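Shown below: target-v6.txt, with compact mmCIF, C-alpha atoms and all ligand atoms.
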# COMPACT_ATOMS: atom_id res chain seq x y z
CA MET J 905 106.71 52.23 128.39
CA ALA J 906 106.52 55.75 126.96
CA ALA J 907 105.31 55.92 123.38
CA SER J 908 108.13 56.61 120.95
CA PRO J 909 107.96 60.07 119.35
CA THR J 910 106.31 60.38 115.97
CA THR J 911 108.42 61.49 113.02
CA LYS J 912 106.74 64.90 113.29
CA GLU J 913 107.84 65.24 116.92
CA LYS J 914 111.39 64.11 116.11
CA VAL J 915 111.97 66.65 113.35
CA GLN J 916 113.39 69.78 114.94
CA LEU J 917 112.94 72.62 112.49
CA THR J 918 114.67 75.97 112.78
CA ASP J 919 112.94 79.05 114.14
CA ARG J 920 113.29 80.69 110.75
CA ILE J 921 111.33 78.02 108.89
CA ASN J 922 108.70 77.97 111.64
CA ARG J 923 108.21 81.72 111.17
CA ILE J 924 106.70 81.25 107.71
CA GLN J 925 103.76 79.40 106.21
CA ILE J 926 103.10 77.68 102.92
CA SER J 927 101.85 80.12 100.28
CA PRO J 928 98.04 80.46 100.68
CA THR J 929 97.62 80.69 96.91
CA ALA J 930 99.41 77.35 96.56
CA ALA J 931 97.02 75.92 99.17
CA VAL J 932 93.94 77.05 97.19
CA ILE J 933 95.37 75.65 93.97
CA ALA J 934 96.05 72.31 95.71
CA GLU J 935 92.44 72.07 96.96
CA ALA J 936 91.03 72.92 93.52
CA ASP J 937 93.37 70.37 91.91
CA LYS J 938 92.14 67.64 94.26
CA LEU J 939 88.57 68.27 93.11
CA LYS J 940 89.59 68.40 89.46
CA ALA J 941 91.42 65.07 89.84
CA ARG J 942 88.07 63.59 90.97
CA GLY J 943 86.52 64.84 87.73
CA VAL J 944 84.75 67.85 89.30
CA ASP J 945 84.30 70.83 86.95
CA VAL J 946 85.91 73.67 88.94
CA ALA J 947 85.56 77.31 87.88
CA ASP J 948 89.12 78.10 88.78
CA PHE J 949 90.09 81.74 89.42
CA GLY J 950 93.02 80.74 91.62
CA PRO J 951 96.24 80.57 89.62
CA GLY J 952 98.23 83.75 89.09
CA GLU J 953 99.59 82.72 85.73
CA PRO J 954 98.78 83.43 82.10
CA ASP J 955 96.61 80.80 80.44
CA PHE J 956 98.36 81.53 77.12
CA PRO J 957 101.11 79.21 75.90
CA THR J 958 104.69 80.48 75.80
CA PRO J 959 105.10 82.15 72.36
CA ASP J 960 106.38 79.79 69.71
CA HIS J 961 109.60 81.63 68.85
CA ILE J 962 110.65 81.40 72.52
CA LYS J 963 109.92 77.68 72.66
CA GLN J 964 111.88 77.16 69.43
CA ALA J 965 114.90 78.92 70.93
CA ALA J 966 114.85 76.44 73.83
CA ILE J 967 114.58 73.48 71.46
CA LYS J 968 117.54 74.86 69.48
CA ALA J 969 119.53 75.23 72.72
CA ILE J 970 118.91 71.55 73.51
CA ASP J 971 119.85 70.48 69.97
CA GLU J 972 123.07 72.49 70.26
CA ASN J 973 123.85 70.85 73.62
CA LYS J 974 123.63 74.08 75.58
CA THR J 975 122.74 71.89 78.51
CA LYS J 976 125.70 72.43 80.84
CA TYR J 977 126.42 74.75 83.75
CA THR J 978 126.54 78.40 82.75
CA SER J 979 128.16 81.19 84.71
CA THR J 980 126.33 81.61 88.02
CA ALA J 981 125.00 85.05 87.13
CA GLY J 982 123.52 83.86 83.83
CA ILE J 983 125.00 83.87 80.32
CA MET J 984 126.49 87.23 79.40
CA PRO J 985 124.34 87.70 76.24
CA LEU J 986 121.22 87.36 78.40
CA ARG J 987 122.45 89.83 81.03
CA GLU J 988 123.21 92.28 78.23
CA ALA J 989 119.88 91.63 76.51
CA ILE J 990 117.92 92.20 79.73
CA CYS J 991 119.65 95.57 80.21
CA ALA J 992 118.96 96.51 76.57
CA TRP J 993 115.30 95.42 76.84
CA HIS J 994 114.77 97.33 80.08
CA LYS J 995 116.37 100.41 78.56
CA ARG J 996 114.25 100.21 75.40
CA GLU J 997 110.96 99.35 77.11
CA LEU J 998 111.27 101.24 80.38
CA GLY J 999 113.97 103.87 79.92
CA SER J 1000 116.63 102.70 82.42
CA ALA J 1001 120.41 102.62 81.94
CA TYR J 1002 121.88 99.43 83.39
CA GLU J 1003 124.98 97.54 82.31
CA ALA J 1004 125.43 93.76 82.42
CA LYS J 1005 127.52 93.98 85.62
CA GLU J 1006 124.43 95.47 87.30
CA CYS J 1007 122.25 92.53 86.26
CA VAL J 1008 121.96 88.99 87.60
CA VAL J 1009 119.63 86.32 86.23
CA ASN J 1010 117.78 84.40 88.94
CA VAL J 1011 115.46 81.40 89.16
CA GLY J 1012 112.28 83.51 88.79
CA GLY J 1013 111.37 86.85 90.29
CA LYS J 1014 110.52 85.26 93.63
CA HIS J 1015 114.08 83.99 93.87
CA SER J 1016 115.39 87.47 92.99
CA ILE J 1017 113.43 88.91 95.91
CA PHE J 1018 114.45 86.12 98.27
CA ASN J 1019 118.14 86.69 97.44
CA LEU J 1020 117.90 90.43 97.91
CA VAL J 1021 116.11 90.26 101.20
CA SER J 1022 118.71 87.74 102.42
CA LEU J 1023 121.43 90.23 101.48
CA LEU J 1024 119.92 93.32 103.02
CA ILE J 1025 117.63 92.35 105.88
CA GLN J 1026 118.55 90.99 109.28
CA ASN J 1027 117.09 90.81 112.79
CA GLY J 1028 115.47 94.05 113.82
CA ASP J 1029 115.21 95.56 110.34
CA GLU J 1030 111.84 96.81 109.16
CA VAL J 1031 110.52 96.49 105.61
CA ILE J 1032 107.54 98.58 104.51
CA ILE J 1033 105.02 96.61 102.48
CA PRO J 1034 101.93 98.31 101.04
CA ALA J 1035 98.77 96.25 101.61
CA PRO J 1036 97.07 94.53 99.87
CA TYR J 1037 100.37 92.80 99.17
CA TRP J 1038 101.65 89.80 97.22
CA VAL J 1039 101.47 86.80 99.55
CA SER J 1040 105.19 86.01 99.56
CA TYR J 1041 106.50 89.42 100.65
CA PRO J 1042 105.89 89.21 104.41
CA ASP J 1043 107.13 85.64 104.69
CA ILE J 1044 110.33 86.34 102.77
CA VAL J 1045 111.02 89.24 105.14
CA LYS J 1046 110.21 87.17 108.24
CA TYR J 1047 112.44 84.32 107.06
CA ALA J 1048 115.36 86.77 106.93
CA GLY J 1049 114.57 87.92 110.51
CA GLY J 1050 113.02 91.24 109.48
CA THR J 1051 109.70 92.76 110.46
CA PRO J 1052 107.10 93.60 107.81
CA VAL J 1053 105.41 96.96 108.38
CA PHE J 1054 102.17 97.30 106.45
CA VAL J 1055 100.85 100.50 104.92
CA GLN J 1056 97.28 100.43 103.65
CA ALA J 1057 96.62 101.39 100.03
CA LYS J 1058 93.05 102.64 99.72
CA SER J 1059 90.47 101.32 97.28
CA GLU J 1060 89.32 104.90 96.56
CA ASP J 1061 92.89 105.60 95.30
CA GLY J 1062 92.65 102.57 92.98
CA PHE J 1063 94.82 100.71 95.53
CA ALA J 1064 97.84 102.85 94.62
CA VAL J 1065 99.80 103.59 97.80
CA LYS J 1066 100.66 107.23 98.53
CA ALA J 1067 104.01 108.67 99.57
CA ALA J 1068 102.35 110.42 102.53
CA ALA J 1069 101.14 107.08 103.94
CA ILE J 1070 104.58 105.54 103.50
CA GLU J 1071 106.30 108.45 105.22
CA LYS J 1072 104.26 107.86 108.39
CA ALA J 1073 105.52 104.27 108.58
CA ILE J 1074 109.24 105.10 108.28
CA THR J 1075 111.30 104.60 111.46
CA PRO J 1076 115.07 104.53 112.09
CA LYS J 1077 114.85 100.75 111.59
CA THR J 1078 113.35 100.92 108.09
CA ARG J 1079 115.74 99.43 105.54
CA MET J 1080 113.56 98.73 102.56
CA LEU J 1081 110.26 99.44 100.85
CA PHE J 1082 108.58 97.00 98.47
CA LEU J 1083 106.56 98.50 95.65
CA ASN J 1084 104.69 96.34 93.18
CA SER J 1085 103.06 98.28 90.37
CA PRO J 1086 100.87 97.02 88.74
CA SER J 1087 100.11 95.03 91.81
CA ASN J 1088 99.12 91.53 92.60
CA PRO J 1089 96.44 91.12 94.07
CA CYS J 1090 94.50 94.28 93.24
CA GLY J 1091 95.93 95.72 90.02
CA GLY J 1092 96.88 99.03 91.66
CA VAL J 1093 99.13 101.23 89.51
CA VAL J 1094 101.27 103.91 91.16
CA PRO J 1095 101.44 106.94 88.81
CA PRO J 1096 104.96 108.14 87.88
CA ASP J 1097 104.72 111.41 89.87
CA GLU J 1098 103.72 109.54 93.05
CA PHE J 1099 106.48 107.00 92.40
CA GLU J 1100 108.97 109.86 92.24
CA ARG J 1101 107.69 111.28 95.52
CA ILE J 1102 108.18 107.84 97.06
CA LEU J 1103 111.70 107.64 95.63
CA ALA J 1104 112.48 111.07 97.13
CA LEU J 1105 111.43 109.71 100.53
CA CYS J 1106 113.64 106.67 100.11
CA LYS J 1107 116.58 108.89 99.28
CA LYS J 1108 115.88 111.19 102.21
CA HIS J 1109 115.76 108.30 104.68
CA ASP J 1110 118.34 106.15 102.90
CA ILE J 1111 115.96 103.25 102.25
CA TRP J 1112 116.12 100.73 99.40
CA LEU J 1113 113.16 100.91 97.04
CA MET J 1114 112.51 97.46 95.63
CA SER J 1115 110.41 97.87 92.52
CA ASP J 1116 108.74 94.58 91.59
CA GLU J 1117 107.97 95.00 87.89
CA CYS J 1118 106.67 91.51 87.14
CA TYR J 1119 103.44 92.93 85.66
CA SER J 1120 105.02 96.02 84.03
CA HIS J 1121 103.64 95.29 80.57
CA PHE J 1122 100.11 94.46 81.67
CA THR J 1123 98.86 97.99 82.25
CA TYR J 1124 95.55 99.21 80.82
CA GLU J 1125 94.88 102.64 79.31
CA PRO J 1126 95.51 105.34 80.44
CA HIS J 1127 98.40 103.70 82.33
CA LYS J 1128 101.63 102.87 80.53
CA PRO J 1129 104.51 100.54 81.42
CA TYR J 1130 106.78 102.48 83.76
CA SER J 1131 109.92 101.87 85.80
CA ILE J 1132 111.11 104.13 88.60
CA ALA J 1133 114.64 103.15 87.48
CA SER J 1134 114.14 105.63 84.61
CA ALA J 1135 113.93 108.58 87.05
CA VAL J 1136 116.97 110.85 87.31
CA GLY J 1137 119.34 109.73 90.08
CA ALA J 1138 117.25 106.66 90.93
CA LYS J 1139 119.85 103.95 90.57
CA ASP J 1140 121.54 104.39 93.98
CA HIS J 1141 118.36 103.55 95.85
CA VAL J 1142 116.36 101.40 93.44
CA ILE J 1143 116.44 97.64 92.97
CA VAL J 1144 114.44 96.36 89.99
CA ILE J 1145 112.93 92.89 90.12
CA GLY J 1146 111.81 91.56 86.75
CA SER J 1147 110.43 88.28 85.49
CA MET J 1148 109.75 86.45 82.24
CA SER J 1149 106.85 84.63 83.91
CA LYS J 1150 103.91 86.92 83.21
CA THR J 1151 105.06 89.12 80.29
CA PHE J 1152 106.01 86.15 78.12
CA ALA J 1153 103.75 83.48 79.65
CA MET J 1154 106.82 81.64 80.96
CA THR J 1155 105.92 80.80 84.57
CA GLY J 1156 107.33 77.29 84.41
CA TRP J 1157 110.68 78.27 82.89
CA ARG J 1158 111.73 80.04 86.09
CA ILE J 1159 113.66 83.05 84.85
CA GLY J 1160 113.72 86.36 86.70
CA TYR J 1161 116.33 89.05 87.12
CA THR J 1162 117.67 91.74 89.39
CA LEU J 1163 118.92 95.14 88.26
CA ALA J 1164 120.78 96.92 91.05
CA PRO J 1165 124.03 98.65 92.01
CA GLU J 1166 127.00 96.40 91.24
CA PRO J 1167 127.95 95.49 94.86
CA LEU J 1168 124.43 94.20 95.46
CA VAL J 1169 124.48 92.22 92.22
CA GLN J 1170 127.85 90.74 93.20
CA ALA J 1171 126.45 89.71 96.58
CA SER J 1172 123.41 88.13 94.92
CA ILE J 1173 125.75 86.16 92.62
CA LYS J 1174 127.75 85.02 95.67
CA LEU J 1175 124.59 83.75 97.37
CA GLN J 1176 123.42 82.09 94.17
CA SER J 1177 126.84 80.42 93.78
CA GLN J 1178 126.29 78.64 97.11
CA SER J 1179 122.63 77.80 96.59
CA THR J 1180 120.93 77.36 93.19
CA SER J 1181 123.95 77.98 90.92
CA ASN J 1182 122.90 79.20 87.47
CA PRO J 1183 119.27 79.23 86.37
CA THR J 1184 118.53 76.42 83.88
CA SER J 1185 120.69 76.87 80.77
CA ILE J 1186 117.90 76.02 78.31
CA ALA J 1187 115.48 78.45 79.95
CA GLN J 1188 118.13 81.16 79.71
CA TYR J 1189 118.32 80.71 75.93
CA ALA J 1190 114.54 80.91 75.75
CA ALA J 1191 114.65 84.11 77.82
CA LEU J 1192 117.31 85.50 75.50
CA GLU J 1193 114.89 85.09 72.60
CA ALA J 1194 112.12 86.72 74.68
CA MET J 1195 114.37 89.75 75.25
CA ARG J 1196 115.63 90.02 71.67
CA GLY J 1197 112.75 88.69 69.58
CA SER J 1198 109.31 89.95 68.59
CA MET J 1199 107.10 91.32 71.37
CA ASP J 1200 103.90 90.91 69.31
CA SER J 1201 102.46 88.39 71.75
CA VAL J 1202 102.46 90.92 74.60
CA PRO J 1203 99.90 93.46 73.24
CA ALA J 1204 97.82 90.52 71.97
CA MET J 1205 97.65 89.06 75.49
CA LEU J 1206 96.99 92.50 76.98
CA ALA J 1207 94.06 93.09 74.61
CA GLU J 1208 92.52 89.78 75.67
CA TYR J 1209 93.08 90.55 79.37
CA ALA J 1210 91.39 93.93 78.84
CA ARG J 1211 88.32 92.20 77.36
CA ARG J 1212 88.17 89.76 80.28
CA ARG J 1213 88.71 92.54 82.81
CA ARG J 1214 85.60 94.34 81.57
CA ARG J 1215 83.56 91.15 81.66
CA ILE J 1216 84.57 90.06 85.14
CA VAL J 1217 84.33 93.51 86.73
CA ASP J 1218 80.87 94.11 85.22
CA GLY J 1219 79.76 90.62 86.24
CA LEU J 1220 80.96 91.00 89.82
CA ARG J 1221 79.40 94.44 90.16
CA ALA J 1222 76.06 92.99 89.06
CA ILE J 1223 76.01 90.67 92.10
CA PRO J 1224 74.21 92.32 95.04
CA GLY J 1225 76.49 93.20 97.96
CA ILE J 1226 79.68 93.13 95.89
CA THR J 1227 81.72 96.16 94.88
CA CYS J 1228 84.75 96.00 92.61
CA GLU J 1229 87.32 98.59 91.49
CA VAL J 1230 88.51 98.45 87.89
CA PRO J 1231 92.10 97.18 88.13
CA GLY J 1232 94.66 99.43 86.40
CA GLY J 1233 96.98 96.55 85.57
CA ALA J 1234 97.87 92.85 86.04
CA PHE J 1235 95.11 90.23 85.64
CA TYR J 1236 93.25 90.07 88.93
CA ALA J 1237 89.83 91.31 90.00
CA PHE J 1238 89.65 92.17 93.69
CA PRO J 1239 86.00 92.46 94.74
CA ASN J 1240 84.92 93.58 98.20
CA ILE J 1241 82.36 91.15 99.60
CA SER J 1242 82.31 92.43 103.19
CA ALA J 1243 78.54 93.11 102.96
CA HIS J 1244 78.12 89.33 102.94
CA LEU J 1245 80.13 88.89 106.13
CA THR J 1246 78.00 90.89 108.56
CA GLY J 1247 74.40 91.06 109.73
CA PRO J 1248 71.75 88.37 110.22
CA ASN J 1249 72.12 87.07 106.63
CA ALA J 1250 75.91 86.80 106.72
CA LEU J 1251 77.19 83.89 104.68
CA ALA J 1252 80.30 83.46 106.84
CA LYS J 1253 82.56 85.36 109.21
CA SER J 1254 85.61 85.66 106.97
CA CYS J 1255 86.70 85.41 103.36
CA THR J 1256 88.71 82.33 104.24
CA GLU J 1257 85.44 80.64 105.22
CA ILE J 1258 83.72 81.98 102.10
CA THR J 1259 86.50 80.54 99.96
CA LYS J 1260 85.94 77.08 101.43
CA LEU J 1261 82.18 77.37 100.96
CA LEU J 1262 82.59 78.52 97.36
CA LEU J 1263 84.68 75.49 96.53
CA ASP J 1264 82.35 73.16 98.39
CA LYS J 1265 78.96 74.50 97.24
CA VAL J 1266 79.51 75.87 93.75
CA GLN J 1267 83.00 74.63 92.85
CA VAL J 1268 84.52 78.06 92.38
CA ALA J 1269 88.18 78.53 93.37
CA VAL J 1270 89.26 82.01 94.54
CA VAL J 1271 91.89 83.26 97.01
CA PRO J 1272 90.70 84.93 100.24
CA GLY J 1273 91.73 88.53 100.90
CA GLU J 1274 93.24 87.58 104.27
CA ALA J 1275 96.15 86.04 102.30
CA PHE J 1276 96.99 89.52 100.99
CA GLY J 1277 96.36 91.50 104.18
CA ALA J 1278 92.91 92.52 102.91
CA PRO J 1279 90.05 90.92 104.87
CA GLY J 1280 86.70 91.42 103.14
CA TYR J 1281 88.12 90.89 99.65
CA LEU J 1282 88.54 87.98 97.26
CA ARG J 1283 91.11 87.66 94.48
CA LEU J 1284 89.96 86.28 91.16
CA SER J 1285 92.53 85.73 88.45
CA TYR J 1286 91.06 86.45 85.03
CA ALA J 1287 93.91 84.76 83.22
CA THR J 1288 91.30 82.32 82.04
CA SER J 1289 88.85 82.13 79.11
CA ILE J 1290 85.74 84.32 78.76
CA GLU J 1291 83.55 81.16 78.80
CA HIS J 1292 85.16 80.14 82.05
CA ILE J 1293 84.65 83.63 83.47
CA ASP J 1294 80.97 83.60 82.48
CA GLU J 1295 80.38 80.20 84.08
CA GLY J 1296 82.21 81.27 87.25
CA LEU J 1297 80.14 84.46 87.45
CA ARG J 1298 76.91 82.46 87.12
CA ARG J 1299 77.97 80.25 90.03
CA LEU J 1300 79.05 83.22 92.14
CA GLY J 1301 75.69 84.89 91.42
CA ARG J 1302 73.85 81.79 92.66
CA PHE J 1303 76.03 81.55 95.76
CA PHE J 1304 75.81 85.16 96.84
CA SER J 1305 72.06 85.31 96.17
CA ARG J 1306 71.85 82.50 98.76
CA ALA J 1307 70.44 80.10 96.18
CA GLU J 1308 73.10 77.54 97.03
CA ALA J 1309 75.12 78.93 99.90
CA ALA J 1310 73.18 77.41 102.76
CA THR J 1311 72.16 74.10 101.20
C1 LIG J 1401 103.91 90.45 92.49
C2 LIG J 1401 104.72 89.28 92.09
N1 LIG J 1401 106.05 89.35 92.19
C3 LIG J 1401 106.83 88.32 91.85
C4 LIG J 1401 106.28 87.15 91.39
C5 LIG J 1401 107.23 86.03 91.06
O1 LIG J 1401 107.09 85.49 89.83
P1 LIG J 1401 108.15 84.44 89.29
O2 LIG J 1401 108.90 83.89 90.45
O3 LIG J 1401 107.36 83.42 88.57
O4 LIG J 1401 109.07 85.21 88.38
C6 LIG J 1401 104.90 87.01 91.29
C7 LIG J 1401 104.27 85.75 90.88
O5 LIG J 1401 103.12 85.49 91.07
C8 LIG J 1401 104.09 88.12 91.64
O6 LIG J 1401 102.76 88.06 91.54
With the file now loaded, output its structure as structure tokens.
Amino acid sequence: MAASPTTKEKVQLTDRINRIQISPTAAVIAEADKLKARGVDVADFGPGEPDFPTPDHIKQAAIKAIDENKTKYTSTAGIMPLREAICAWHKRELGSAYEAKECVVNVGGKHSIFNLVSLLIQNGDEVIIPAPYWVSYPDIVKYAGGTPVFVQAKSEDGFAVKAAAIEKAITPKTRMLFLNSPSNPCGGVVPPDEFERILALCKKHDIWLMSDECYSHFTYEPHKPYSIASAVGAKDHVIVIGSMSKTFAMTGWRIGYTLAPEPLVQASIKLQSQSTSNPTSIAQYAALEAMRGSMDSVPAMLAEYARRRRRIVDGLRAIPGITCEVPGGAFYAFPNISAHLTGPNALAKSCTEITKLLLDKVQVAVVPGEAFGAPGYLRLSYATSIEHIDEGLRRLGRFFSRAEAAT
């Protein structure tokens, strides 16, 4: 008698879900968490989230919303005061000119991007994605049936992609360009004049420019927070993706937003009405306070990130065989370790292998560059304490000096 099929064999998944993989950053975090659960002291540079608590005034606004029973469905697009406050905040902070009808509140910035790509991308469409890229971009595009087209940003340009490189990748099938400045994973910041050249290209070829501004307020001198939506005549081709997650240390609250031409916003609301419905009511009231209340926590966090950035970059550069650019924004160091991947003394063949060894031998959690389209690199989040950074650097020093790698 033939063996009956296992549950795995019986489950017939769609082509679209089989086209994508689980987020590699989530995979690293899961491995590190397993070790931590066993009581192992992990130097964890994995998570891409602020280690600061959500500011108190924002938490209080959520508590007040619960006490006032603001715990029911809201309008699908988000409460009107929040849509208005987001537009006012973006205007004040980044110089744009959106109205509430051009704003929809989503369940985090990732959801905003997922919705937009679902609205605009279908089989055969190409989406230009500068590499190194945020892990979710290619999979969101593939899920919608599109094809990601990668354009390399160079380390000697501070990982800021150039208009000239993008132009070479444009074809008649190009529908959209993703731009994330400051960028995850490498902290690249595209200067305003280059951004405007890129926008001019998008206009010329009638391509959507999706500006992912999740890290807009974590830019280090001489860079300043900037939105391409503030450029003259930008609004017809620009879609802004914003998020409360990083700026206000609100990753778990799941509030992001889209600023875009009204028909696109309407379509995003339609999709949301048949999928998530409104983002959590309580989190919306917290976000409303984030948009209207004091922003004092933001420069305080930035100053601390700047201190950690110096420490981690200096520490990494002191390890033989490692080079590291100074990131212009966000909170990630992106060292190049390719010297340790070749020659008779190579520690491993890939960064994915190095990542496993680091966790195994010295209990350091990092994300391999392959996850971001950047073999030879590692991503280390420095949204963690200086003491933690120092301990992690000591362990990395031991590992890369071969003191513990081969044991
Ligand atoms: C570049 C980038 N965009 C968007 C997001 C989405 O953030 P959220 O969904 O928490 O708003 C992240 C989160 O890590 C990110 O790094």
Once you count only C-alpha atoms and all ligand atoms, which residues end up within 7 Å of ligand LIG 1401 (chain J), and could you hand them over as a PDB file with C-alpha atoms, in the frame of the given file?
ATOM      1  CA  GLY J 952      98.230  83.750  89.090  1.00  0.00           C
ATOM      2  CA  GLU J 953      99.590  82.720  85.730  1.00  0.00           C
ATOM      3  CA  GLY J1012     112.280  83.510  88.790  1.00  0.00           C
ATOM      4  CA  GLY J1013     111.370  86.850  90.290  1.00  0.00           C
ATOM      5  CA  LYS J1014     110.520  85.260  93.630  1.00  0.00           C
ATOM      6  CA  HIS J1015     114.080  83.990  93.870  1.00  0.00           C
ATOM      7  CA  TRP J1038     101.650  89.800  97.220  1.00  0.00           C
ATOM      8  CA  ASN J1084     104.690  96.340  93.180  1.00  0.00           C
ATOM      9  CA  SER J1087     100.110  95.030  91.810  1.00  0.00           C
ATOM     10  CA  ASN J1088      99.120  91.530  92.600  1.00  0.00           C
ATOM     11  CA  ASP J1116     108.740  94.580  91.590  1.00  0.00           C
ATOM     12  CA  CYS J1118     106.670  91.510  87.140  1.00  0.00           C
ATOM     13  CA  SER J1147     110.430  88.280  85.490  1.00  0.00           C
ATOM     14  CA  MET J1148     109.750  86.450  82.240  1.00  0.00           C
ATOM     15  CA  SER J1149     106.850  84.630  83.910  1.00  0.00           C
ATOM     16  CA  THR J1155     105.920  80.800  84.570  1.00  0.00           C
ATOM     17  CA  ARG J1158     111.730  80.040  86.090  1.00  0.00           C
ATOM     18  CA  ILE J1159     113.660  83.050  84.850  1.00  0.00           C
ATOM     19  CA  GLY J1160     113.720  86.360  86.700  1.00  0.00           C
TER      20      GLY J1160
END
Worksheet item: Which residue out of J:Arg1306, J:Arg996, J:Arg923, J:His1292 has the minimum interatomic distance to Leu1261 (chain J) when all atoms listed in the file are used?
Response: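 Answer, going by the shortest atom-to-atom distance: J:Arg1306.
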Need the shell around Ile1290 (chain J): protein/DNA/RNA residues with any atom at most 10 Å away, counting all atoms listed in the file. Skip same-chain ones fewer than 6 positions apart. Format as an mmCIF file with C-alpha atoms, in the frame of the given file?
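File part_29.cif, as written:
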data_model
loop_
_atom_site.group_PDB
_atom_site.id
_atom_site.type_symbol
_atom_site.label_atom_id
_atom_site.label_comp_id
_atom_site.auth_asym_id
_atom_site.auth_seq_id
_atom_site.Cartn_x
_atom_site.Cartn_y
_atom_site.Cartn_z
ATOM 1 C CA GLU J 1208 92.520 89.780 75.670
ATOM 2 C CA TYR J 1209 93.080 90.550 79.370
ATOM 3 C CA ARG J 1211 88.320 92.200 77.360
ATOM 4 C CA ARG J 1212 88.170 89.760 80.280
ATOM 5 C CA ARG J 1213 88.710 92.540 82.810
ATOM 6 C CA ARG J 1215 83.560 91.150 81.660
ATOM 7 C CA ILE J 1216 84.570 90.060 85.140
ATOM 8 C CA GLY J 1296 82.210 81.270 87.250
#
Worksheet, complete the sentence: With distances taken over all atoms listed in the file, the candidate from J:Phe1152, J:Tyr1047, J:Thr910, J:Ala1210 nearest Gly1197 (chain J) is J:Phe1152
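Put simply, CA of Gly1233 (chain J) is 5.6 Å away from CA of Tyr1124 (chain J).
The two atoms in question, CA of Ile933 (chain J) and CA of Ala1269 (chain J), are spaced 7.8 Å apart.
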Practice prompt. Find, counting all atoms listed in the file, the residue in J:Lys1265, J:Tyr1041, J:Tyr1161, J:Gly1225 that gets nearest to Thr1246 (chain J).
Written response: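 The closest residue to Thr1246 (chain J) is J:Gly1225.
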Worksheet item: Contacts of Ser1181 (chain J) at 9 Å or less, counting only C-alpha atoms, minus same-chain residues fewer than 3 places along, as a VMD selection string?
Response: chain J and resid 977 to 981 1173 1175 to 1178
Discussion item. Considering only C-alpha atoms, can you say which of J:Pro959, J:Gly950, J:Gly943, J:Gly999 comes closest to Ser1198 (chain J)?
Written reply: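 For Ser1198 (chain J), the nearest of the given residues is J:Pro959.
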Discussion item. So, with all atoms listed in the file as the atoms that count, which of J:Gly1146, J:Tyr1236, J:Ile1226, J:Val1039 lies closest to Pro928 (chain J)?
Written reply: J:Val1039
